[in-house]
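The structure file structure.cif is reproduced below (mmCIF, C-alpha atoms).
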data_upload
loop_
_atom_site.label_atom_id
_atom_site.label_comp_id
_atom_site.auth_asym_id
_atom_site.auth_seq_id
_atom_site.Cartn_x
_atom_site.Cartn_y
_atom_site.Cartn_z
CA MET P 1 22.79 23.92 -22.16
CA LYS P 2 23.07 20.66 -20.28
CA ARG P 3 24.41 22.19 -17.09
CA PHE P 4 21.46 24.55 -16.68
CA ILE P 5 18.99 21.75 -16.04
CA PRO P 6 19.73 21.45 -12.26
CA VAL P 7 19.22 25.23 -11.99
CA LEU P 8 15.87 24.80 -13.73
CA PHE P 9 14.78 22.18 -11.21
CA PHE P 10 15.88 24.36 -8.31
CA ALA P 11 13.76 27.18 -9.73
CA LEU P 12 10.83 24.74 -9.86
CA PHE P 13 11.42 23.92 -6.19
CA LEU P 14 11.39 27.64 -5.29
CA ALA P 15 8.13 28.13 -7.20
CA LEU P 16 6.53 25.22 -5.29
CA THR P 17 7.76 26.66 -1.97
CA TYR P 18 6.25 30.04 -2.83
CA ALA P 19 2.92 28.31 -3.56
CA VAL P 20 3.06 26.39 -0.25
CA LEU P 21 3.69 29.57 1.74
CA GLN P 22 0.38 31.01 0.49
CA MET P 23 -1.59 28.15 2.07
CA PRO P 24 -3.84 28.81 5.11
CA PRO P 25 -2.24 28.07 8.50
CA ALA P 26 -1.74 24.36 9.07
CA GLY P 27 -1.45 22.47 12.35
CA THR P 28 -4.22 24.20 14.28
CA ILE P 29 -7.81 23.23 14.89
CA ASP P 30 -9.23 26.01 12.72
CA ALA P 31 -7.56 24.77 9.55
CA PRO P 32 -10.10 24.44 6.73
CA SER P 33 -9.58 20.66 6.52
CA TYR P 34 -11.04 20.07 10.01
CA ASN P 35 -14.68 20.31 8.97
CA HIS P 36 -17.98 18.85 10.11
CA THR P 37 -17.28 15.42 8.57
CA THR P 38 -14.25 14.87 10.80
CA GLU P 39 -16.10 16.09 13.88
CA HIS P 40 -19.00 13.73 13.17
CA TYR P 41 -16.63 10.79 12.70
CA LEU P 42 -14.69 11.53 15.90
CA ALA P 43 -17.78 12.06 18.05
CA ASN P 44 -19.98 9.17 16.88
CA ALA P 45 -17.56 6.39 15.91
CA LEU P 46 -17.69 4.53 19.23
CA GLU P 47 -21.47 4.18 19.51
CA GLU P 48 -22.28 3.63 15.83
CA THR P 49 -19.66 0.95 15.17
CA GLY P 50 -18.40 -0.31 18.53
CA ALA P 51 -14.70 -0.08 17.61
CA THR P 52 -12.25 2.09 19.55
CA ASN P 53 -9.85 2.67 16.63
CA VAL P 54 -11.36 5.50 14.59
CA VAL P 55 -9.13 4.90 11.54
CA ALA P 56 -10.19 1.22 11.32
CA ALA P 57 -13.84 2.18 11.82
CA ILE P 58 -13.70 4.69 8.96
CA LEU P 59 -11.82 2.25 6.70
CA THR P 60 -14.17 -0.71 7.12
CA ASP P 61 -17.51 0.76 8.11
CA TYR P 62 -18.09 4.31 6.88
CA ARG P 63 -16.04 3.87 3.68
CA ALA P 64 -16.09 0.12 3.13
CA TRP P 65 -16.86 0.54 -0.58
CA ASP P 66 -13.43 2.11 -1.22
CA THR P 67 -11.72 -0.80 0.52
CA LEU P 68 -13.57 -3.21 -1.76
CA GLY P 69 -12.29 -1.27 -4.79
CA GLU P 70 -8.76 -1.45 -3.47
CA THR P 71 -8.98 -5.23 -3.01
CA ILE P 72 -10.03 -5.48 -6.65
CA VAL P 73 -6.96 -3.40 -7.62
CA LEU P 74 -4.69 -5.94 -5.85
CA PHE P 75 -6.36 -8.80 -7.70
CA THR P 76 -6.01 -7.04 -11.07
CA ALA P 77 -2.31 -6.44 -10.44
CA ILE P 78 -1.72 -10.18 -9.96
CA VAL P 79 -3.66 -11.04 -13.13
CA ALA P 80 -1.64 -8.48 -15.12
CA VAL P 81 1.77 -9.67 -13.85
CA ILE P 82 1.03 -13.37 -14.45
CA SER P 83 -0.25 -12.66 -17.95
CA VAL P 84 3.05 -10.96 -18.82
CA LEU P 85 5.42 -13.48 -17.21
CA ARG P 86 3.80 -16.67 -18.41
CA LYS P 87 5.94 -19.38 -20.03
CA ARG P 88 4.85 -20.05 -23.59
CA PRO P 89 5.18 -23.57 -25.04
CA THR P 90 8.11 -23.79 -27.45
CA ALA P 91 7.80 -24.24 -31.19
CA GLU P 92 8.71 -27.96 -31.21
CA VAL P 93 5.76 -28.82 -29.00
CA ILE P 94 3.32 -27.04 -31.33
CA ARG P 95 4.80 -28.63 -34.47
CA ASP P 96 4.37 -32.13 -33.10
CA GLU P 97 0.56 -31.91 -33.12
CA MET O 1 11.46 38.94 7.89
CA SER O 2 10.63 37.03 11.06
CA ALA O 3 7.04 36.61 9.83
CA LEU O 4 8.44 34.84 6.75
CA PHE O 5 10.58 32.64 9.02
CA ASP O 6 7.55 31.74 11.16
CA ASN O 7 5.61 30.89 8.03
CA ILE O 8 8.38 28.58 6.80
CA ILE O 9 8.60 26.80 10.17
CA ASN O 10 4.83 26.28 10.25
CA HIS O 11 4.81 24.70 6.78
CA ILE O 12 8.07 22.75 7.05
CA ASN O 13 6.40 19.37 6.36
CA GLN O 14 4.88 20.53 3.10
CA ILE O 15 8.18 22.06 1.96
CA GLY O 16 9.96 18.76 2.60
CA ALA O 17 7.32 16.96 0.54
CA CYS O 18 7.92 19.41 -2.32
CA ALA O 19 11.64 18.61 -2.15
CA LEU O 20 10.88 14.88 -2.52
CA ILE O 21 8.63 15.62 -5.51
CA VAL O 22 11.34 17.61 -7.29
CA ILE O 23 13.97 14.92 -6.58
CA GLY O 24 11.71 12.22 -8.01
CA LEU O 25 11.01 14.25 -11.14
CA TYR O 26 14.75 14.88 -11.65
CA ILE O 27 15.51 11.15 -11.49
CA VAL O 28 12.81 10.27 -14.04
CA VAL O 29 13.88 12.96 -16.51
CA MET O 30 17.66 12.76 -16.35
CA HIS O 31 18.52 9.05 -16.09
CA THR O 32 18.19 6.50 -18.89
CA ASN O 33 18.35 3.27 -16.88
CA MET O 34 14.86 1.80 -16.50
CA ILE O 35 15.20 0.49 -12.95
CA LYS O 36 16.34 3.92 -11.73
CA ARG O 37 13.31 5.51 -13.37
CA ILE O 38 10.95 3.14 -11.56
CA ILE O 39 12.62 4.07 -8.25
CA GLY O 40 12.15 7.74 -9.21
CA ILE O 41 8.41 7.19 -9.71
CA ASN O 42 8.25 5.63 -6.24
CA ILE O 43 10.02 8.59 -4.64
CA PHE O 44 7.61 10.95 -6.44
CA GLY O 45 4.62 9.04 -5.08
CA THR O 46 6.05 9.02 -1.56
CA GLY O 47 6.41 12.81 -1.70
CA VAL O 48 2.78 13.26 -2.75
CA PHE O 49 1.56 10.97 0.06
CA TYR O 50 3.67 12.81 2.63
CA PHE O 51 2.15 16.11 1.52
CA PHE O 52 -1.35 14.75 1.89
CA VAL O 53 -0.91 13.15 5.31
CA SER O 54 0.81 16.19 6.85
CA ILE O 55 -2.37 18.24 6.34
CA GLY O 56 -4.15 16.35 9.12
CA TYR O 57 -1.74 17.26 11.91
CA VAL O 58 -2.94 19.33 14.89
CA ARG O 59 -0.32 20.75 17.25
CA GLY O 60 -0.77 19.27 20.73
CA GLY O 61 -3.34 16.69 19.60
CA GLN O 62 -3.70 13.06 20.56
CA ILE O 63 -3.92 9.91 18.44
CA PRO O 64 -7.47 8.98 17.34
CA ILE O 65 -8.13 6.04 19.70
CA VAL O 66 -11.30 6.80 21.67
CA ASN O 67 -11.98 5.16 25.01
CA GLY O 68 -15.14 6.94 26.06
CA ASP O 69 -13.37 9.36 28.42
CA GLU O 70 -11.04 11.35 26.20
CA SER O 71 -10.21 14.99 26.70
CA GLY O 72 -8.51 17.46 24.42
CA VAL O 73 -8.34 17.71 20.68
CA MET O 74 -7.56 14.83 18.37
CA ILE O 75 -5.74 14.90 15.06
CA ASN O 76 -7.62 14.55 11.80
CA PRO O 77 -7.94 10.83 10.89
CA LEU O 78 -9.36 11.30 7.40
CA PRO O 79 -6.18 11.93 5.29
CA SER O 80 -4.49 8.82 6.73
CA VAL O 81 -7.42 6.64 5.71
CA LEU O 82 -7.43 7.91 2.14
CA ILE O 83 -3.68 7.38 1.74
CA LEU O 84 -3.90 3.70 2.84
CA THR O 85 -5.67 2.95 -0.42
CA GLY O 86 -3.19 5.04 -2.41
CA ILE O 87 -0.15 3.15 -1.15
CA VAL O 88 -1.57 -0.15 -2.41
CA VAL O 89 -2.14 1.33 -5.88
CA VAL O 90 1.47 2.57 -6.11
CA VAL O 91 2.81 -0.86 -5.09
CA SER O 92 0.72 -2.55 -7.80
CA ILE O 93 1.98 -0.15 -10.46
CA THR O 94 5.61 -0.69 -9.42
CA VAL O 95 5.24 -4.46 -9.62
CA TYR O 96 3.69 -4.33 -13.11
CA ALA O 97 6.39 -1.95 -14.40
CA MET O 98 9.13 -4.25 -13.10
CA SER O 99 7.63 -7.28 -14.85
CA LEU O 100 7.60 -5.33 -18.14
CA VAL O 101 11.30 -4.46 -17.63
CA ILE O 102 12.05 -8.18 -17.20
CA LYS O 103 10.47 -8.93 -20.58
CA ILE O 104 12.32 -6.07 -22.28
CA TYR O 105 15.64 -7.34 -20.90
CA GLU O 106 14.92 -10.81 -22.28
CA GLY O 107 14.19 -9.36 -25.70
CA TYR O 108 16.94 -6.77 -26.14
CA GLY O 109 19.70 -7.70 -23.70
CA THR O 110 20.05 -4.24 -22.19
CA MET O 111 18.19 -2.02 -19.75
CA ASP O 112 19.31 1.31 -21.13
CA GLN O 113 16.70 3.33 -22.97
CA ALA O 114 19.12 5.24 -25.25
CA GLU O 115 20.78 2.01 -26.38
CA ILE O 116 17.42 0.41 -27.22
CA THR O 117 16.49 3.43 -29.34
CA ARG O 118 19.82 3.17 -31.15
CA MET O 119 19.32 -0.55 -31.82
CA LYS O 120 15.81 -0.05 -33.13
CA SER O 121 16.77 2.84 -35.42
CA GLY O 122 19.79 0.82 -36.56
CA GLU O 123 17.67 -2.13 -37.67
CA ASN O 124 15.16 0.13 -39.39
CA ASN O 125 17.86 1.76 -41.53
CA ASP O 126 19.11 -1.52 -43.03
CA MET D 1 22.30 -19.54 1.11
CA ASN D 2 24.74 -22.03 2.56
CA ASP D 3 25.55 -20.24 5.81
CA ILE D 4 24.76 -22.14 9.00
CA ILE D 5 24.07 -19.05 11.11
CA VAL D 6 21.58 -17.58 8.63
CA LYS D 7 19.73 -20.87 8.27
CA THR D 8 19.46 -21.47 12.02
CA VAL D 9 18.32 -17.94 12.86
CA ALA D 10 15.76 -17.91 10.02
CA ARG D 11 14.32 -21.22 11.12
CA ILE D 12 13.86 -19.90 14.68
CA ILE D 13 12.49 -16.46 13.85
CA VAL D 14 9.86 -17.13 11.13
CA PRO D 15 7.12 -18.46 13.49
CA PHE D 16 7.47 -15.40 15.75
CA ILE D 17 7.02 -13.02 12.82
CA GLN D 18 3.88 -14.87 11.77
CA MET D 19 2.51 -14.81 15.32
CA TYR D 20 3.05 -11.05 15.49
CA GLY D 21 1.34 -10.60 12.12
CA ILE D 22 -1.74 -12.55 13.26
CA PHE D 23 -1.83 -10.45 16.45
CA VAL D 24 -1.80 -7.21 14.46
CA ILE D 25 -4.62 -8.46 12.16
CA LEU D 26 -6.90 -9.61 14.97
CA ASN D 27 -6.46 -6.43 17.06
CA GLY D 28 -7.25 -4.15 14.14
CA HIS D 29 -10.22 -2.48 15.81
CA ILE D 30 -8.54 -1.80 19.18
CA SER D 31 -5.01 -0.59 18.42
CA PRO D 32 -3.32 0.81 15.31
CA GLY D 33 -2.61 -1.71 12.57
CA GLY D 34 -5.29 -3.62 10.78
CA GLY D 35 -5.52 -5.87 7.77
CA PHE D 36 -2.92 -4.30 5.48
CA ALA D 37 -0.04 -4.09 7.95
CA GLY D 38 -0.65 -7.57 9.34
CA GLY D 39 -0.96 -9.13 5.90
CA ALA D 40 2.31 -7.53 4.82
CA LEU D 41 4.04 -8.97 7.93
CA ILE D 42 2.96 -12.55 7.21
CA GLY D 43 3.89 -12.19 3.53
CA VAL D 44 7.34 -10.88 4.41
CA SER D 45 8.02 -13.84 6.69
CA LEU D 46 7.50 -16.22 3.76
CA ILE D 47 9.72 -14.07 1.54
CA LEU D 48 12.48 -14.49 4.18
CA TYR D 49 11.96 -18.25 4.05
CA THR D 50 12.23 -18.22 0.24
CA LEU D 51 15.43 -16.18 0.26
CA VAL D 52 17.21 -18.44 2.78
CA PHE D 53 16.09 -21.92 1.69
CA GLY D 54 15.44 -21.58 -2.05
CA VAL D 55 12.37 -21.54 -4.24
CA GLY D 56 11.91 -25.34 -4.22
CA ALA D 57 11.54 -25.58 -0.43
CA ALA D 58 9.17 -22.61 -0.31
CA GLU D 59 6.92 -24.13 -2.99
CA LYS D 60 6.11 -26.95 -0.59
CA LYS D 61 5.02 -24.52 2.12
CA PHE D 62 2.90 -22.25 -0.07
CA SER D 63 2.09 -23.93 -3.37
CA HIS D 64 0.55 -22.34 -6.47
CA ARG D 65 -2.79 -23.96 -5.79
CA LEU D 66 -3.01 -22.52 -2.28
CA GLY D 67 -2.16 -19.08 -3.67
CA ASP D 68 -4.96 -19.30 -6.26
CA LEU D 69 -7.48 -20.40 -3.62
CA SER D 70 -6.63 -17.71 -1.09
CA GLU D 71 -6.59 -14.91 -3.65
CA SER D 72 -10.06 -15.56 -4.94
CA GLY D 73 -11.24 -16.57 -1.46
CA GLY D 74 -10.30 -13.22 0.07
CA ILE D 75 -12.53 -11.20 -2.26
CA LEU D 76 -15.37 -13.74 -2.08
CA ILE D 77 -15.43 -13.60 1.75
CA TYR D 78 -15.60 -9.79 1.53
CA LEU D 79 -18.55 -9.95 -0.88
CA LEU D 80 -20.38 -12.54 1.22
CA ILE D 81 -20.09 -10.40 4.34
CA GLY D 82 -21.44 -7.47 2.34
CA SER D 83 -24.39 -9.49 1.06
CA VAL D 84 -25.59 -10.17 4.61
CA GLY D 85 -26.75 -6.56 4.61
CA ILE D 86 -28.85 -7.06 1.47
CA VAL D 87 -30.42 -10.27 2.81
CA SER D 88 -31.57 -8.66 6.03
CA GLY D 89 -33.16 -5.61 4.47
CA GLY D 90 -30.59 -2.81 4.47
CA TYR D 91 -27.91 -1.53 2.12
CA PHE D 92 -24.85 -3.42 0.88
CA LEU D 93 -22.14 -3.53 3.61
CA THR D 94 -24.13 -2.37 6.65
CA ASN D 95 -22.61 -3.10 10.02
CA LEU D 96 -24.89 -3.11 13.06
CA GLU D 97 -28.34 -2.88 11.51
CA ALA D 98 -27.76 -6.14 9.64
CA GLY D 99 -27.54 -8.23 12.76
CA PHE D 100 -23.83 -8.37 13.61
CA LEU D 101 -23.04 -8.43 17.35
CA LYS D 102 -21.79 -5.25 18.93
CA GLY D 103 -20.14 -6.67 22.06
CA GLU D 104 -18.54 -4.60 24.80
CA THR D 105 -16.04 -1.83 24.16
CA GLY D 106 -12.43 -2.96 23.99
CA ALA D 107 -13.02 -6.72 23.92
CA LEU D 108 -11.63 -8.86 21.13
CA LEU D 109 -15.04 -9.89 19.73
CA SER D 110 -16.58 -6.45 19.33
CA GLY D 111 -17.35 -4.07 16.54
CA GLY D 112 -19.70 -6.07 14.36
CA MET D 113 -18.21 -7.06 11.03
CA ILE D 114 -14.90 -5.17 11.45
CA PRO D 115 -12.71 -8.13 12.61
CA LEU D 116 -14.13 -10.36 9.85
CA LEU D 117 -13.29 -7.81 7.18
CA MET D 118 -9.79 -7.42 8.62
CA VAL D 119 -9.20 -11.19 8.34
CA ALA D 120 -10.38 -11.17 4.70
CA ILE D 121 -8.09 -8.25 3.84
CA GLY D 122 -5.16 -9.94 5.62
CA ILE D 123 -5.57 -13.18 3.63
CA LYS D 124 -5.76 -11.21 0.37
CA VAL D 125 -2.64 -9.10 1.00
CA THR D 126 -0.59 -12.12 2.16
CA SER D 127 -1.30 -14.16 -0.94
CA THR D 128 -0.70 -11.13 -3.21
CA ILE D 129 2.80 -10.50 -1.85
CA ILE D 130 3.87 -14.17 -1.96
CA THR D 131 2.43 -14.87 -5.44
CA LEU D 132 4.07 -11.78 -6.96
CA PHE D 133 7.47 -12.66 -5.45
CA HIS D 134 7.34 -16.24 -6.74
CA ALA D 135 6.23 -15.12 -10.21
CA MET D 136 9.16 -12.76 -10.58
CA ILE D 137 11.90 -14.96 -9.18
CA GLU D 138 11.22 -18.14 -11.10
CA GLU D 139 13.87 -18.99 -13.65
CA ASP D 140 13.71 -21.09 -16.74
CA PRO D 141 14.65 -24.73 -16.19
CA SER D 142 16.82 -24.58 -19.32
#
Represent the supplied structure as structure tokens.
Amino acid sequence: MKRFIPVLFFALFLALTYAVLQMPPAGTIDAPSYNHTTEHYLANALEETGATNVVAAILTDYRAWDTLGETIVLFTAIVAVISVLRKRPTAEVIRDE
Amino acid sequence: MSALFDNIINHINQIGACALIVIGLYIVVMHTNMIKRIIGINIFGTGVFYFFVSIGYVRGGQIPIVNGDESGVMINPLPSVLILTGIVVVVSITVYAMSLVIKIYEGYGTMDQAEITRMKSGENND
Amino acid sequence: MNDIIVKTVARIIVPFIQMYGIFVILNGHISPGGGFAGGALIGVSLILYTLVFGVGAAEKKFSHRLGDLSESGGILIYLLIGSVGIVSGGYFLTNLEAGFLKGETGALLSGGMIPLLMVAIGIKVTSTIITLFHAMIEEDPS
């Protein structure tokens, strides 16, 4: 039973490949993910923000709220790690008081 | 038959991302060492991000730096922007999982999940 | 590490890595890069210093108190820049209608609030990487 598990995972990989081959054609300009939002961002980013890098203009001007949420995630990660790895005072220190 | 071949070549990026996803899932399921499982979660996340970013590619397109006098089509910048936030979340989760593994090693003396289960069921049976 | 080659090369190369990281942060609105990549570069240069010279020498360069200040300071600068939009009558986090300068295309001081946000993000990511590395590598004094 234990040596059939790699065959099972290979069958999962073939199922995923079959699902990928049903996708609409990728890599051209009439893919469904190239919609009016992208065309608006590419055409109006220079005059509405003044930055030449479209990725930076989207990240900090059009979608600045998501970047604020991500900064809060970084802060929460530090608080969580320090709360786990803190050094507790030993028992002799507490018994002295 | 050649239409199937053309279809595979057009979607080769997404098929590679599916291979990374299956490799990551195999590592998490089959190994019992905790550090190897955390690495498997990272590989899984990298496969998902690669799948998402490869949707924005346009054949023959240019990078999205506008100068005011560009010509031709540009690639889609939107998937790259959304993945920048995702990478930071995966790094935070990896760091927190590793700190928990440090505390488990200090408490039990081993990093193997099967051995910890054996020790805990051994001390419950006494 | 007690190797003379590693110590000499590390001492020469750390300022250049930091200079490149500051360059990538400040040119975030002109060329690819931005706050996250530049912050990671500066954080990695201090990790290299910690690995070569030990935790005690690196604590003098970037102490715990400086890490606390810069972590909270990064988010507070972001929120203050966002509140300028509320004060001047628009939404939270508006760029050009809140009074930031637009400048000319391609110059270093252009794009409104985009370079200021990149600096805030760079400070935050730098202090995150260094604080996490020092928290995990500290050993008990016993």
Checklist entry - If you measure from CA of Lys102 in chain D to CA of Gly89 in chain D, what distance in Å do you get, rounded to one decimal? => result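 These two atoms are separated by 18.4 Å.
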Contact check, chain O to chain P, at most 6 Å, counting only C-alpha atoms, closest pairs as JSON lines:
{"residue": "O:Tyr57", "atom": "CA", "partner": "P:Gly27", "partner_atom": "CA", "distance": 5.2}
{"residue": "O:Val58", "atom": "CA", "partner": "P:Gly27", "partner_atom": "CA", "distance": 4.3}
{"residue": "O:Arg59", "atom": "CA", "partner": "P:Gly27", "partner_atom": "CA", "distance": 5.3}
{"residue": "O:Pro64", "atom": "CA", "partner": "P:Val54", "partner_atom": "CA", "distance": 5.9}
{"residue": "O:Ile65", "atom": "CA", "partner": "P:Asn53", "partner_atom": "CA", "distance": 4.9}
{"residue": "O:Val66", "atom": "CA", "partner": "P:Thr52", "partner_atom": "CA", "distance": 5.3}
{"residue": "O:Ser92", "atom": "CA", "partner": "P:Ala77", "partner_atom": "CA", "distance": 5.6}
{"residue": "O:Tyr96", "atom": "CA", "partner": "P:Val81", "partner_atom": "CA", "distance": 5.7}
Item to check | Within 12 Å of chain D: residues of chain O, using all atoms listed in the file, as a list of chain:residue names | outcome: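 So the residues of chain O near chain D are O:Ile63, O:Pro64, O:Ile65, O:Val66, O:Asn67, O:Gly68, O:Pro77, O:Ser80, O:Val81, O:Leu84, O:Thr85, O:Ile87, O:Val88, O:Val91, O:Ser92, O:Thr94, O:Val95, O:Tyr96, O:Ala97, O:Met98, O:Ser99, O:Leu100, O:Val101, O:Ile102, O:Lys103, O:Glu106.
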May I have the residues from that selection written out with C-alpha atoms, as a PDB file, in the coordinates of the input?
ATOM      1  CA  ILE O  63      -3.920   9.910  18.440  1.00  0.00           C
ATOM      2  CA  PRO O  64      -7.470   8.980  17.340  1.00  0.00           C
ATOM      3  CA  ILE O  65      -8.130   6.040  19.700  1.00  0.00           C
ATOM      4  CA  VAL O  66     -11.300   6.800  21.670  1.00  0.00           C
ATOM      5  CA  ASN O  67     -11.980   5.160  25.010  1.00  0.00           C
ATOM      6  CA  GLY O  68     -15.140   6.940  26.060  1.00  0.00           C
ATOM      7  CA  PRO O  77      -7.940  10.830  10.890  1.00  0.00           C
ATOM      8  CA  SER O  80      -4.490   8.820   6.730  1.00  0.00           C
ATOM      9  CA  VAL O  81      -7.420   6.640   5.710  1.00  0.00           C
ATOM     10  CA  LEU O  84      -3.900   3.700   2.840  1.00  0.00           C
ATOM     11  CA  THR O  85      -5.670   2.950  -0.420  1.00  0.00           C
ATOM     12  CA  ILE O  87      -0.150   3.150  -1.150  1.00  0.00           C
ATOM     13  CA  VAL O  88      -1.570  -0.150  -2.410  1.00  0.00           C
ATOM     14  CA  VAL O  91       2.810  -0.860  -5.090  1.00  0.00           C
ATOM     15  CA  SER O  92       0.720  -2.550  -7.800  1.00  0.00           C
ATOM     16  CA  THR O  94       5.610  -0.690  -9.420  1.00  0.00           C
ATOM     17  CA  VAL O  95       5.240  -4.460  -9.620  1.00  0.00           C
ATOM     18  CA  TYR O  96       3.690  -4.330 -13.110  1.00  0.00           C
ATOM     19  CA  ALA O  97       6.390  -1.950 -14.400  1.00  0.00           C
ATOM     20  CA  MET O  98       9.130  -4.250 -13.100  1.00  0.00           C
ATOM     21  CA  SER O  99       7.630  -7.280 -14.850  1.00  0.00           C
ATOM     22  CA  LEU O 100       7.600  -5.330 -18.140  1.00  0.00           C
ATOM     23  CA  VAL O 101      11.300  -4.460 -17.630  1.00  0.00           C
ATOM     24  CA  ILE O 102      12.050  -8.180 -17.200  1.00  0.00           C
ATOM     25  CA  LYS O 103      10.470  -8.930 -20.580  1.00  0.00           C
ATOM     26  CA  GLU O 106      14.920 -10.810 -22.280  1.00  0.00           C
TER      27      GLU O 106
END
Next on the checklist: Counting all atoms listed in the file, find residues at most 8 Å from (-20.2, -1.5, 16.9) (file frame) and give them as JSON, numbers by chain.
Outcome noted: {"P": [46, 47, 48, 49, 50, 51], "D": [95, 96, 101, 102, 103, 110, 111, 112]}
Checklist entry - Near Thr46 in chain O, within 10 Å and counting only C-alpha atoms, which residues show up once chain neighbours fewer than 2 positions away are dropped, as a count of residues only? => result 16
Item to check | Which of D:Ala107, D:Val9, D:Ile22, D:Leu80 sits closest to Phe92 in chain D [using all atoms listed in the file] | outcome: D:Leu80
Next on the checklist: My list of candidates is O:Gly47, O:Ile38, O:Gly122, O:Gln113. Which is closest to Ile15 in chain O when distances are computed with all atoms listed in the file?
Outcome noted: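 Comparing O:Gly47, O:Ile38, O:Gly122, O:Gln113 against Ile15 in chain O, the winner is O:Gly47.
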Checklist entry - Using only C-alpha atoms, which residues sit within 6 Å of Val28 in chain O once same-chain residues fewer than 2 positions away are excluded, as a list of chain:residue names? => result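 So the residues in contact are O:Leu25, O:Tyr26, O:Met30, O:Arg37, O:Gly40.
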Next on the checklist: Using all atoms listed in the file, which protein or nucleic acid residues come within 12 Å of Ile116 in chain O? Drop anything in the same chain fewer than 6 positions from it, and give the result as a PyMOL selection string.
Outcome noted: chain O and resi 32-34+104-105+107-110+122-123
Next on the checklist: Please report the interatomic distance between CA of Val73 in chain O and CA of Gly61 in chain O in Å with one decimal.
Outcome noted: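 A separation of 5.2 Å between them.
Residue nearest chain D, chosen from P:His40, P:Asp61, P:Leu8, P:Arg3 and counting all atoms listed in the file: P:Asp61.
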Checklist entry - What gap, in Å, lies between CA of Thr126 in chain D and CA of Gly39 in chain D? => result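 CA of Gly39 in chain D lies at a distance of 4.8 Å from CA of Thr126 in chain D.
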Checklist outcome for this item: Nearest to chain D, restricted to all atoms listed in the file and choosing among P:Ala11, P:Lys2, P:Tyr62, P:Asn44, comes out as P:Tyr62
